[in-house]
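Since the structure comes first, as structure tokens, the remarks are kept for the end.
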Amino acid sequence: MVLVVLLAAAAETRGQDVYYAAVQDMDIWYNPALKTNKLAVLHANFRNVNYEGFAAYNSKAATLELPLTTSEKKVTDNVPFVNLAIGINADNASNNALNVSTAMLSLSYALPLNNKNTYLALGFQGNYTFSKVAYSGSFPGSFDQYGALGAAISSDPLQSGYQYNYFTAGVGVALFQTTPEKQWYIGGSLRHFNEPYTDWTYTARLPMNASIQAGYAKSITNVDAISTFGIFTWQGGVREQLIGLSYTRILDDSSRYSLAAGLSYRVGDALIPNLALKFGDNQIAFYYEFNIIGSAAAASYNRTTFEFSYKLDL
């Protein structure tokens with residue numbers, strides 16, 4: 001019976017990836033080639049998810065992007081650059097039913113294609129995950145199809161409470177352009193292509209994750225700009241699509257202070273309004289998710305989700 005359960009779950013296994021509304025903060029996690037500027041940046045993210053009456057967890061992430069270039073080349077257009085990124089993500093439930101952490105290291109190289117600041121980039125990534133799942137409940141319908149807790153459960157079908165560790169590898173490619181008037185990018189990545197075993201029985205394996213990412217931003221006036229983005233992933237029969245639109249207003253003559261408001265949509269799951277304030281080299285943002293669950297089995301359940309992010313230009 002255990003073997004039947006393991007074989008059935010293996011077909012739908014998902015990786016313990018990052019699950020945040022602030023997906024643009026996590027670009028390097030999804031695609032190691034998506035470093036589209038030469039700025040050193042620190043990201044910090046916190047996400048809280050509460051399923052009323054039966055489960056709650058939070059996620060925390062820190063990501064450091066470090067372009068390996070000289071100060072002169074950082075302000076020079078149309079020159080190649082290398083980026084090193086390191087990060088850590090942790091998902092924890094309040095009752096110790098979920099304790100998963102992942103360390104990430106990536107390296108990318110961006111090569112200019114012309115004199116208009118258009119680049120082609122290639123990136124490689126390695127992740128090492130520590131996973132311990134002891135959750136004995138279940139979710140109604142597809143209520144947590146895209147969340148960290150659901151992914152952890154699917155990757156550890158026995159949910160034994162024992163810790164297991166595994167290494168995954170990823171590769172990505174991106175094409176992008178950055179000018180004062182507009183910025184755009186399009187990328188594709190393959191994560192977990194080594195498909196490691198994720199349980200002690202060596203039965204459940206992590207399927208490869210394929211993803212496409214795209215974004216566009218344009219200045220409307222000297223103080224107004226709009227931007228849009230999309231990320232689309234496929235893994236183990238599960239699809240996730242997240243699209244968003246944002247409006248930014250510069251608040252001073254130096255362009256160091258701005259306010260942005262946006263709305264994202266995770267298809268079949270949630271509407272996500274967000275608000276961000278930039279002051280100097282700092283930016284803080286807040287996200288709140290309104291559930292849009294198509295499953296009738298999930299209609300009577302309430303999920304409260306909010307998220308904070310912080311970005312510092314170093």
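Identifiers for the structure tokens are assigned positionally: chains receive A, B, ... in sequence, residues are indexed from 1 per chain, and ligands are indexed from 1 in the order shown.
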
TODO: Once DSSP has gone over the backbone, tell me which residues of segment 95-230 of chain A are in helix (DSSP H, G or I), as a PyMOL selection string.
DONE: chain A and resi 148-155

Resulting file, chosen residues, N, CA and C atoms, as a CSV table (one decimal), in the first residue's frame:
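Writing the result to again_39.csv gives the following:
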chain,number,residue,atom,x,y,z
A,148,ALA,N,3.8,26.7,-0.4
A,148,ALA,CA,5.0,26.0,0.0
A,148,ALA,C,4.6,24.7,0.8
A,149,LEU,N,3.6,24.8,1.6
A,149,LEU,CA,3.2,23.6,2.4
A,149,LEU,C,2.7,22.5,1.5
A,150,GLY,N,1.9,22.8,0.5
A,150,GLY,CA,1.4,21.8,-0.4
A,150,GLY,C,2.6,21.2,-1.2
A,151,ALA,N,3.5,22.0,-1.6
A,151,ALA,CA,4.7,21.5,-2.4
A,151,ALA,C,5.5,20.6,-1.5
A,152,ALA,N,5.7,20.9,-0.2
A,152,ALA,CA,6.5,20.1,0.7
A,152,ALA,C,5.9,18.8,0.9
A,153,ILE,N,4.6,18.8,1.0
A,153,ILE,CA,3.8,17.5,1.3
A,153,ILE,C,3.9,16.6,0.0
A,154,SER,N,3.8,17.2,-1.2
A,154,SER,CA,3.9,16.4,-2.4
A,154,SER,C,5.3,15.8,-2.6
A,155,SER,N,6.3,16.5,-2.2
A,155,SER,CA,7.7,16.0,-2.4
A,155,SER,C,8.1,15.0,-1.3

Task: For Phe130 of chain A: contacts at 9 Å, only C-alpha atoms, fewer than 2 positions along chain excluded, given as a VMD selection string - done: chain A and resid 99 to 103 128 132 163 to 166

Using N, CA and C atoms, can you write the selected residues to a file as a PDB file, in the first residue's frame?
ATOM      1  N   ASN A  99       9.340  22.094   8.206  1.00  0.00           N
ATOM      2  CA  ASN A  99      10.626  22.764   8.383  1.00  0.00           C
ATOM      3  C   ASN A  99      11.470  22.469   7.147  1.00  0.00           C
ATOM      4  N   VAL A 100      11.475  23.407   6.225  1.00  0.00           N
ATOM      5  CA  VAL A 100      12.197  23.236   4.968  1.00  0.00           C
ATOM      6  C   VAL A 100      13.051  24.476   4.733  1.00  0.00           C
ATOM      7  N   SER A 101      14.313  24.276   4.412  1.00  0.00           N
ATOM      8  CA  SER A 101      15.192  25.403   4.086  1.00  0.00           C
ATOM      9  C   SER A 101      16.035  25.051   2.868  1.00  0.00           C
ATOM     10  N   THR A 102      16.312  26.060   2.062  1.00  0.00           N
ATOM     11  CA  THR A 102      17.087  25.879   0.839  1.00  0.00           C
ATOM     12  C   THR A 102      18.150  26.959   0.722  1.00  0.00           C
ATOM     13  N   ALA A 103      19.374  26.546   0.431  1.00  0.00           N
ATOM     14  CA  ALA A 103      20.474  27.474   0.145  1.00  0.00           C
ATOM     15  C   ALA A 103      20.713  27.489  -1.359  1.00  0.00           C
ATOM     16  N   TYR A 128      20.674  23.492  -2.381  1.00  0.00           N
ATOM     17  CA  TYR A 128      20.707  22.361  -1.460  1.00  0.00           C
ATOM     18  C   TYR A 128      19.574  22.542  -0.462  1.00  0.00           C
ATOM     19  N   LYS A 132      11.892  18.589   6.191  1.00  0.00           N
ATOM     20  CA  LYS A 132      11.299  17.771   7.245  1.00  0.00           C
ATOM     21  C   LYS A 132       9.813  18.097   7.290  1.00  0.00           C
ATOM     22  N   GLN A 163      14.072  14.083   8.522  1.00  0.00           N
ATOM     23  CA  GLN A 163      14.692  15.055   7.617  1.00  0.00           C
ATOM     24  C   GLN A 163      15.409  14.346   6.482  1.00  0.00           C
ATOM     25  N   TYR A 164      15.241  14.852   5.292  1.00  0.00           N
ATOM     26  CA  TYR A 164      16.024  14.377   4.155  1.00  0.00           C
ATOM     27  C   TYR A 164      16.588  15.592   3.430  1.00  0.00           C
ATOM     28  N   ASN A 165      17.711  15.412   2.764  1.00  0.00           N
ATOM     29  CA  ASN A 165      18.414  16.496   2.082  1.00  0.00           C
ATOM     30  C   ASN A 165      18.634  16.113   0.621  1.00  0.00           C
ATOM     31  N   TYR A 166      18.618  17.098  -0.249  1.00  0.00           N
ATOM     32  CA  TYR A 166      18.896  16.801  -1.651  1.00  0.00           C
ATOM     33  C   TYR A 166      19.433  18.049  -2.351  1.00  0.00           C
TER      34      TYR A 166
END

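Taking only C-alpha atoms into account, Tyr257 of chain A lies nearest to A:Asp281 out of the set A:Glu52, A:Asp25, A:Asp269, A:Asp281.
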
Open item on the list: List as a ChimeraX atom specification the protein and nucleic acid residues near Trp29 of chain A, meaning an atom at most 12 Å away when only C-alpha atoms are counted, but skip any in the same chain fewer than 4 places from it.
Closed with: /A:16-20,22-25,33-35,43,61-65,85-89,102-107,123-127,169-172,189-192,211,213

Task: Exercise: Pro196 of chain A partners within 10 Å, only C-alpha atoms, chain neighbours under 5 positions left out, as a list in words - done: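 In the requested format, the answer is Asn165, Tyr166, Phe167, Thr168, Ala169, Tyr202, Ala204, Arg205, Leu206, Pro207 and Met208 of chain A.
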
Open item on the list: I need the residue nearest Ile186 of chain A from this list: A:Tyr146, A:Tyr310, A:Phe232, A:Leu111. Use only C-alpha atoms for the distance.
Closed with: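 Of the candidates, the smallest distance to Ile186 of chain A is held by A:Phe232.
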
Which residues are close to Gln177 of chain A, i.e. within 12 Å by only C-alpha atoms, leaving aside same-chain residues fewer than 6 positions away? Reply as a PDB file with N, CA and C atoms, in the first residue's frame.
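The resulting part_6.pdb:
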ATOM      1  N   LEU A  34      18.552  36.006 -14.964  1.00  0.00           N
ATOM      2  CA  LEU A  34      17.746  37.224 -14.933  1.00  0.00           C
ATOM      3  C   LEU A  34      18.330  38.290 -14.007  1.00  0.00           C
ATOM      4  N   LYS A  35      19.579  38.613 -14.202  1.00  0.00           N
ATOM      5  CA  LYS A  35      20.179  39.787 -13.579  1.00  0.00           C
ATOM      6  C   LYS A  35      20.352  40.805 -14.688  1.00  0.00           C
ATOM      7  N   THR A  36      19.467  41.824 -14.713  1.00  0.00           N
ATOM      8  CA  THR A  36      19.389  42.722 -15.862  1.00  0.00           C
ATOM      9  C   THR A  36      20.047  44.075 -15.618  1.00  0.00           C
ATOM     10  N   ASN A  37      20.804  44.209 -14.522  1.00  0.00           N
ATOM     11  CA  ASN A  37      21.544  45.443 -14.279  1.00  0.00           C
ATOM     12  C   ASN A  37      22.825  45.106 -13.519  1.00  0.00           C
ATOM     13  N   ASP A  77      27.660  51.440 -20.328  1.00  0.00           N
ATOM     14  CA  ASP A  77      26.736  50.591 -21.072  1.00  0.00           C
ATOM     15  C   ASP A  77      27.498  49.684 -22.043  1.00  0.00           C
ATOM     16  N   ASN A  78      26.809  48.629 -22.469  1.00  0.00           N
ATOM     17  CA  ASN A  78      27.291  47.753 -23.538  1.00  0.00           C
ATOM     18  C   ASN A  78      28.625  47.085 -23.226  1.00  0.00           C
ATOM     19  N   ALA A 110      26.489  37.985 -18.757  1.00  0.00           N
ATOM     20  CA  ALA A 110      25.682  38.750 -19.713  1.00  0.00           C
ATOM     21  C   ALA A 110      26.589  39.365 -20.774  1.00  0.00           C
ATOM     22  N   LEU A 111      26.248  39.116 -22.039  1.00  0.00           N
ATOM     23  CA  LEU A 111      27.057  39.582 -23.163  1.00  0.00           C
ATOM     24  C   LEU A 111      26.257  40.578 -23.992  1.00  0.00           C
ATOM     25  N   PRO A 112      26.790  41.795 -24.229  1.00  0.00           N
ATOM     26  CA  PRO A 112      26.051  42.773 -25.051  1.00  0.00           C
ATOM     27  C   PRO A 112      25.984  42.321 -26.503  1.00  0.00           C
ATOM     28  N   LEU A 113      24.812  42.550 -27.132  1.00  0.00           N
ATOM     29  CA  LEU A 113      24.611  42.134 -28.520  1.00  0.00           C
ATOM     30  C   LEU A 113      24.737  43.291 -29.501  1.00  0.00           C
ATOM     31  N   ASN A 114      24.605  44.543 -28.996  1.00  0.00           N
ATOM     32  CA  ASN A 114      24.696  45.714 -29.864  1.00  0.00           C
ATOM     33  C   ASN A 114      25.086  46.912 -29.009  1.00  0.00           C
ATOM     34  N   ASN A 115      24.985  48.114 -29.578  1.00  0.00           N
ATOM     35  CA  ASN A 115      25.328  49.324 -28.839  1.00  0.00           C
ATOM     36  C   ASN A 115      24.101  49.993 -28.224  1.00  0.00           C
ATOM     37  N   LYS A 116      23.003  49.235 -28.087  1.00  0.00           N
ATOM     38  CA  LYS A 116      21.758  49.757 -27.514  1.00  0.00           C
ATOM     39  C   LYS A 116      21.453  49.126 -26.161  1.00  0.00           C
ATOM     40  N   ASN A 117      22.473  48.591 -25.522  1.00  0.00           N
ATOM     41  CA  ASN A 117      22.337  48.003 -24.183  1.00  0.00           C
ATOM     42  C   ASN A 117      21.421  46.771 -24.172  1.00  0.00           C
ATOM     43  N   THR A 118      21.474  46.025 -25.248  1.00  0.00           N
ATOM     44  CA  THR A 118      20.750  44.753 -25.346  1.00  0.00           C
ATOM     45  C   THR A 118      21.719  43.616 -25.034  1.00  0.00           C
ATOM     46  N   TYR A 119      21.299  42.714 -24.148  1.00  0.00           N
ATOM     47  CA  TYR A 119      22.179  41.653 -23.657  1.00  0.00           C
ATOM     48  C   TYR A 119      21.555  40.272 -23.830  1.00  0.00           C
ATOM     49  N   LEU A 120      22.416  39.293 -23.977  1.00  0.00           N
ATOM     50  CA  LEU A 120      22.051  37.885 -23.884  1.00  0.00           C
ATOM     51  C   LEU A 120      22.813  37.303 -22.698  1.00  0.00           C
ATOM     52  N   ALA A 121      22.092  36.656 -21.780  1.00  0.00           N
ATOM     53  CA  ALA A 121      22.716  36.156 -20.555  1.00  0.00           C
ATOM     54  C   ALA A 121      22.466  34.662 -20.386  1.00  0.00           C
ATOM     55  N   GLN A 183      12.590  49.341 -20.249  1.00  0.00           N
ATOM     56  CA  GLN A 183      13.338  48.128 -19.922  1.00  0.00           C
ATOM     57  C   GLN A 183      12.442  46.934 -20.252  1.00  0.00           C
ATOM     58  N   TRP A 184      13.036  45.882 -20.799  1.00  0.00           N
ATOM     59  CA  TRP A 184      12.271  44.664 -21.062  1.00  0.00           C
ATOM     60  C   TRP A 184      13.185  43.448 -20.923  1.00  0.00           C
ATOM     61  N   TYR A 185      12.571  42.319 -20.661  1.00  0.00           N
ATOM     62  CA  TYR A 185      13.325  41.071 -20.599  1.00  0.00           C
ATOM     63  C   TYR A 185      12.413  39.899 -20.933  1.00  0.00           C
ATOM     64  N   ILE A 186      13.018  38.832 -21.424  1.00  0.00           N
ATOM     65  CA  ILE A 186      12.338  37.560 -21.621  1.00  0.00           C
ATOM     66  C   ILE A 186      13.344  36.459 -21.324  1.00  0.00           C
ATOM     67  N   ALA A 214       8.875  37.032 -18.307  1.00  0.00           N
ATOM     68  CA  ALA A 214       8.914  38.192 -19.199  1.00  0.00           C
ATOM     69  C   ALA A 214       8.484  39.431 -18.424  1.00  0.00           C
ATOM     70  N   GLY A 215       9.000  40.589 -18.837  1.00  0.00           N
ATOM     71  CA  GLY A 215       8.635  41.835 -18.191  1.00  0.00           C
ATOM     72  C   GLY A 215       8.901  43.021 -19.101  1.00  0.00           C
ATOM     73  N   TYR A 216       8.154  44.112 -18.863  1.00  0.00           N
ATOM     74  CA  TYR A 216       8.312  45.329 -19.660  1.00  0.00           C
ATOM     75  C   TYR A 216       7.984  46.529 -18.786  1.00  0.00           C
ATOM     76  N   ALA A 217       8.810  47.556 -18.843  1.00  0.00           N
ATOM     77  CA  ALA A 217       8.575  48.798 -18.108  1.00  0.00           C
ATOM     78  C   ALA A 217       8.868  49.974 -19.028  1.00  0.00           C
ATOM     79  N   LYS A 218       8.042  51.037 -18.915  1.00  0.00           N
ATOM     80  CA  LYS A 218       8.215  52.191 -19.795  1.00  0.00           C
ATOM     81  C   LYS A 218       7.835  53.463 -19.061  1.00  0.00           C
TER      82      LYS A 218
END

TODO: Please indicate the distance in Å from atom CA of Lys73 of chain A to atom CA of Leu277 of chain A, rounded to one decimal place.
DONE: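 Atom-to-atom, atom CA of Lys73 of chain A to atom CA of Leu277 of chain A, that is 28.7 Å.
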